[in-house]
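Engineer: This is the structure I have questions about; it appears just below.
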Amino acid sequence: MIKHCKKAQISFFIILAVAILLALGIGITMLTTPSEKKAEKETTVKQKVPLQIQPIKDAINNCLKLTAKEAAVKLGKQGGYLYKDQGGSAQTPTLQELGQNYVEYDNEKTRYLIYEPEGDIGQLFFTQPPKYPWETFPYLDQNSDEQLYIGYYGLNKLPALYRPSKDSLQEQKETYTASNIKKCTPFDSYPAFEITAGQPNVTLYLANQADKLQSEEAIYFEMKWSVTIREKNTNTTTTLTDFGASLNIPLAKIYYNITAIINRDVQNISYEPKAEGNYVATATKLNPDSIVAVKFPSTRVDDQPYEFRFARHT
């Protein structure tokens with residue numbers, strides 16, 4: 001009888017582990033993506049720039065850095081989303097989605113990344129009362145006094161990190177930066193020149209290999225943008241095409257910390273966000289749900305810890 005009970009418990013845990021993996025729908029890609037170049041791209045292609053044009057190129061590079069930083073901060077405040085009406089690639093949520101797909105928090109549309117579980121998993125997990133999460137919860141079964149809190153309590157809706165996944169963080173930041181760079185560039189500050197520009201294309205490089213992830217310290221933005229500059233006095237024309245900027249934000253490392261937090265939340269009903277490793281996570285009640293804010297003290301943006309926050313359905 002004892003042997004039979006032990007076998008039943010072992011079977012239960014095996015089914016439990018498989019069920020959790022199937023149910024989560026994490027939505028992240030593998031650490032390695034063959035189409036990606038390495039994250040540590042140090043410099044753009046060298047281009048000879050006349051001395052009088054260099055300040056304009058420097059200004060564009062600075063604008064690229066500022067816009068990329070703005071994208072990183074806003075993405076963190078909105079739960080990994082940059083919307084089309086902001087210049088990003090993600091669909092802008094409607095007012096009807098308020099309270100379901102996002103909340104208004106600190107003047108931002110912060111997304112829910114933890115949803116209620118959907119669909120029963122055989123006779124193991126249930127999503128509706130009175131059986132939710134299983135009939136003998138928190139006990140293993142009717143004949144056991146052992147309590148168990150690991151199970152299927154929610155869905156992880158964090159977007160993928162890498163392209164080509166739809167609305168990946170990589171794609172959203174590239175699109176936002178390319179869409180907003182023109183708002184920043186100070187072409188009017190150079191009256192001695194006539195400046196015309198085409199459409200910018202931005203590529204974000206970040207750690208994409210397991211051995212690079214832990215050592216990641218920054219992300220790099222490369223921008224291809226045809227900017228033609230004509231000196232009015234001499235009628236000399238120069239065309240700039242290559243720009244670059246780096247941010248000291250280890251985005252991939254931050255992403256996998258957020259993934260771990262969400263996975264713990266949807267797998268363990270007793271889990272509460274806390275300080276752990278290189279981050280501090282706290283939950284703020286937002287009746288009937290809550291906002292989870294994760295701060296990374298070692299990553300500073302404008303002398304403030306980088307913050308990633310998201311809403312969760314309870």
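By order in the structure tokens, chains are A, B, ...; within a chain, residues start at 1; ligands start at 1, following the order shown.
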Listing only residues of segment 45-75 of chain A within 8 Å of segment 184-190 of chain A, what is the closest atom pair and its distance in Å (to one decimal) for each, using only C-alpha atoms, sorted by chain and residue number ascending, as JSON lines?
Structural biologist:
```
{"residue": "A:Ile56", "atom": "CA", "partner": "A:Phe187", "partner_atom": "CA", "distance": 7.9}
{"residue": "A:Ala59", "atom": "CA", "partner": "A:Thr185", "partner_atom": "CA", "distance": 7.0}
{"residue": "A:Ile60", "atom": "CA", "partner": "A:Thr185", "partner_atom": "CA", "distance": 5.9}
{"residue": "A:Cys63", "atom": "CA", "partner": "A:Cys184", "partner_atom": "CA", "distance": 5.6}
{"residue": "A:Thr67", "atom": "CA", "partner": "A:Cys184", "partner_atom": "CA", "distance": 7.4}
```
Engineer: Can those selected residues be exported to a file as a tab-separated table (two decimals), in the first residue's frame so that it contains N, CA, C and O atoms?
Structural biologist:
```
chain	number	residue	atom	x	y	z
A	56	ILE	N	26.94	67.93	-36.57
A	56	ILE	CA	25.60	67.45	-36.94
A	56	ILE	C	25.51	65.94	-36.72
A	56	ILE	O	24.51	65.43	-36.18
A	59	ALA	N	25.24	65.26	-33.08
A	59	ALA	CA	23.91	65.58	-32.58
A	59	ALA	C	22.92	64.45	-32.91
A	59	ALA	O	22.07	64.10	-32.09
A	60	ILE	N	23.04	63.87	-34.10
A	60	ILE	CA	22.15	62.77	-34.48
A	60	ILE	C	22.42	61.54	-33.62
A	60	ILE	O	21.50	60.86	-33.15
A	63	CYS	N	20.87	62.14	-30.34
A	63	CYS	CA	19.42	61.98	-30.43
A	63	CYS	C	19.04	60.50	-30.46
A	63	CYS	O	18.03	60.09	-29.87
A	67	THR	N	16.57	58.90	-27.70
A	67	THR	CA	15.32	58.26	-28.13
A	67	THR	C	15.30	56.80	-27.72
A	67	THR	O	14.26	56.27	-27.29
```
Engineer: Report as a PyMOL selection string all protein, DNA and RNA residues lying within 9 Å of segment 250-263 of chain A, evaluated on only C-alpha atoms, omitting residues in the same chain fewer than 3 positions from it.
Structural biologist: chain A and resi 24+26+28+72+113-114+155-158+161+206-208+213-219+247+266-268+273+278-279+281+294+296+299+308
Engineer: Give me, as number ranges by chain, the residues of segment 208-301 of chain A that a backbone DSSP run labels helix (DSSP H, G or I).
Structural biologist: A: 210-213, 251-267
Engineer: Within segment 79-305 of chain A, find each residue whose DSSP state, derived from the backbone, is strand (DSSP E), and express the selection as an NGL selection string.
Structural biologist: :A and (102-105 or 108-115 or 155-156 or 193-197 or 201-205 or 219-231 or 237-247 or 275-276 or 279-286 or 289-301 or 304-305)
Engineer: Would you work out the distance separating atom CA of Asp265 of chain A from atom CA of Ile249 of chain A, expressed in Å to one decimal?
Structural biologist: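 It comes out at 24.8 Å.
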Engineer: For Glu116 of chain A, find every residue with an atom within 8 Å (counting only C-alpha atoms), except residues of its own chain fewer than 5 positions away, and show them as a PDB file with N, CA, C and O atoms, in the first residue's frame.
Structural biologist:
```pdb
ATOM      1  N   TYR A 153      -1.904  28.250 -11.950  1.00  0.00           N
ATOM      2  CA  TYR A 153      -2.706  29.337 -11.394  1.00  0.00           C
ATOM      3  C   TYR A 153      -2.821  30.537 -12.326  1.00  0.00           C
ATOM      4  O   TYR A 153      -3.495  31.505 -11.983  1.00  0.00           O
ATOM      5  N   GLY A 154      -2.169  30.505 -13.449  1.00  0.00           N
ATOM      6  CA  GLY A 154      -2.238  31.663 -14.326  1.00  0.00           C
ATOM      7  C   GLY A 154      -1.485  31.443 -15.621  1.00  0.00           C
ATOM      8  O   GLY A 154      -0.856  30.394 -15.834  1.00  0.00           O
ATOM      9  N   LEU A 155      -1.541  32.460 -16.508  1.00  0.00           N
ATOM     10  CA  LEU A 155      -0.868  32.422 -17.794  1.00  0.00           C
ATOM     11  C   LEU A 155       0.145  33.558 -17.895  1.00  0.00           C
ATOM     12  O   LEU A 155      -0.148  34.696 -17.512  1.00  0.00           O
ATOM     13  N   HIS A 313      -3.652  39.866 -13.041  1.00  0.00           N
ATOM     14  CA  HIS A 313      -4.991  39.488 -12.601  1.00  0.00           C
ATOM     15  C   HIS A 313      -4.858  38.527 -11.420  1.00  0.00           C
ATOM     16  O   HIS A 313      -3.996  37.654 -11.419  1.00  0.00           O
ATOM     17  N   THR A 314      -5.698  38.698 -10.425  1.00  0.00           N
ATOM     18  CA  THR A 314      -5.653  37.803  -9.278  1.00  0.00           C
ATOM     19  C   THR A 314      -6.751  36.754  -9.397  1.00  0.00           C
ATOM     20  O   THR A 314      -7.733  36.977 -10.082  1.00  0.00           O
TER      21      THR A 314
END
```
Engineer: Restricting the calculation to only C-alpha atoms, which member of A:Ala245, A:Leu51, A:Leu240, A:Leu204 is positioned closest to Leu169 of chain A?
Structural biologist: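 Smallest separation from Leu169 of chain A among the options: A:Leu204.
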Engineer: Mind giving me the straight-line distance from atom CA of Pro93 of chain A to atom CA of Tyr81 of chain A in Å, one decimal?
Structural biologist: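 Distance reported for this atom pair: 10.5 Å.
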Engineer: Please determine, counting only C-alpha atoms, which residue among A:Ala293, A:Val202, A:Leu82, A:Val280 has the shortest atom-to-atom distance to Thr177 of chain A.
Structural biologist: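 So, comparing all the options, the nearest one is A:Val202.
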Engineer: If you count only C-alpha atoms, which residues fall within 6 Å of Tyr112 of chain A, apart from same-chain ones fewer than 2 positions away, as a PDB file with all heavy atoms, in the first residue's frame?
Structural biologist:
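Dumped everything to out-v7.pdb:
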```pdb
ATOM      1  N   ASN A 101      -6.864  44.136 -20.441  1.00  0.00           N
ATOM      2  CA  ASN A 101      -5.532  43.989 -21.040  1.00  0.00           C
ATOM      3  C   ASN A 101      -4.525  45.004 -20.520  1.00  0.00           C
ATOM      4  O   ASN A 101      -3.318  44.821 -20.686  1.00  0.00           O
ATOM      5  CB  ASN A 101      -5.622  44.097 -22.562  1.00  0.00           C
ATOM      6  CG  ASN A 101      -6.352  42.917 -23.177  1.00  0.00           C
ATOM      7  OD1 ASN A 101      -6.326  41.818 -22.634  1.00  0.00           O
ATOM      8  ND2 ASN A 101      -7.015  43.136 -24.292  1.00  0.00           N
ATOM      9  N   TYR A 102      -5.008  46.083 -19.918  1.00  0.00           N
ATOM     10  CA  TYR A 102      -4.102  47.091 -19.369  1.00  0.00           C
ATOM     11  C   TYR A 102      -4.792  47.879 -18.266  1.00  0.00           C
ATOM     12  O   TYR A 102      -6.024  47.828 -18.115  1.00  0.00           O
ATOM     13  CB  TYR A 102      -3.627  48.048 -20.468  1.00  0.00           C
ATOM     14  CG  TYR A 102      -4.660  49.076 -20.894  1.00  0.00           C
ATOM     15  CD1 TYR A 102      -4.651  50.368 -20.360  1.00  0.00           C
ATOM     16  CD2 TYR A 102      -5.665  48.764 -21.811  1.00  0.00           C
ATOM     17  CE1 TYR A 102      -5.606  51.315 -20.733  1.00  0.00           C
ATOM     18  CE2 TYR A 102      -6.614  49.698 -22.191  1.00  0.00           C
ATOM     19  CZ  TYR A 102      -6.566  50.971 -21.645  1.00  0.00           C
ATOM     20  OH  TYR A 102      -7.513  51.906 -22.014  1.00  0.00           O
ATOM     21  N   ILE A 114       0.046  38.735 -16.363  1.00  0.00           N
ATOM     22  CA  ILE A 114      -0.413  37.505 -15.715  1.00  0.00           C
ATOM     23  C   ILE A 114      -1.929  37.460 -15.805  1.00  0.00           C
ATOM     24  O   ILE A 114      -2.617  38.343 -15.288  1.00  0.00           O
ATOM     25  CB  ILE A 114       0.048  37.424 -14.247  1.00  0.00           C
ATOM     26  CG1 ILE A 114       1.584  37.362 -14.172  1.00  0.00           C
ATOM     27  CG2 ILE A 114      -0.564  36.199 -13.567  1.00  0.00           C
ATOM     28  CD1 ILE A 114       2.131  37.312 -12.770  1.00  0.00           C
ATOM     29  N   PHE A 310       4.422  45.580 -14.351  1.00  0.00           N
ATOM     30  CA  PHE A 310       3.320  44.980 -15.100  1.00  0.00           C
ATOM     31  C   PHE A 310       2.149  44.744 -14.141  1.00  0.00           C
ATOM     32  O   PHE A 310       2.300  44.711 -12.916  1.00  0.00           O
ATOM     33  CB  PHE A 310       3.754  43.646 -15.733  1.00  0.00           C
ATOM     34  CG  PHE A 310       4.259  42.628 -14.752  1.00  0.00           C
ATOM     35  CD1 PHE A 310       3.387  41.709 -14.159  1.00  0.00           C
ATOM     36  CD2 PHE A 310       5.604  42.553 -14.426  1.00  0.00           C
ATOM     37  CE1 PHE A 310       3.862  40.763 -13.254  1.00  0.00           C
ATOM     38  CE2 PHE A 310       6.086  41.605 -13.527  1.00  0.00           C
ATOM     39  CZ  PHE A 310       5.204  40.709 -12.945  1.00  0.00           C
ATOM     40  N   ALA A 311       0.958  44.613 -14.733  1.00  0.00           N
ATOM     41  CA  ALA A 311      -0.236  44.320 -13.945  1.00  0.00           C
ATOM     42  C   ALA A 311      -0.473  42.819 -13.948  1.00  0.00           C
ATOM     43  O   ALA A 311      -0.040  42.097 -14.854  1.00  0.00           O
ATOM     44  CB  ALA A 311      -1.445  45.054 -14.528  1.00  0.00           C
ATOM     45  N   ARG A 312      -1.153  42.336 -12.914  1.00  0.00           N
ATOM     46  CA  ARG A 312      -1.495  40.923 -12.855  1.00  0.00           C
ATOM     47  C   ARG A 312      -2.931  40.740 -12.365  1.00  0.00           C
ATOM     48  O   ARG A 312      -3.367  41.423 -11.446  1.00  0.00           O
ATOM     49  CB  ARG A 312      -0.536  40.147 -11.947  1.00  0.00           C
ATOM     50  CG  ARG A 312      -0.493  40.619 -10.505  1.00  0.00           C
ATOM     51  CD  ARG A 312       0.411  39.768  -9.657  1.00  0.00           C
ATOM     52  NE  ARG A 312       0.406  40.219  -8.261  1.00  0.00           N
ATOM     53  CZ  ARG A 312       1.027  39.590  -7.252  1.00  0.00           C
ATOM     54  NH1 ARG A 312       1.711  38.494  -7.499  1.00  0.00           N
ATOM     55  NH2 ARG A 312       0.955  40.057  -6.032  1.00  0.00           N
TER      56      ARG A 312
END
```
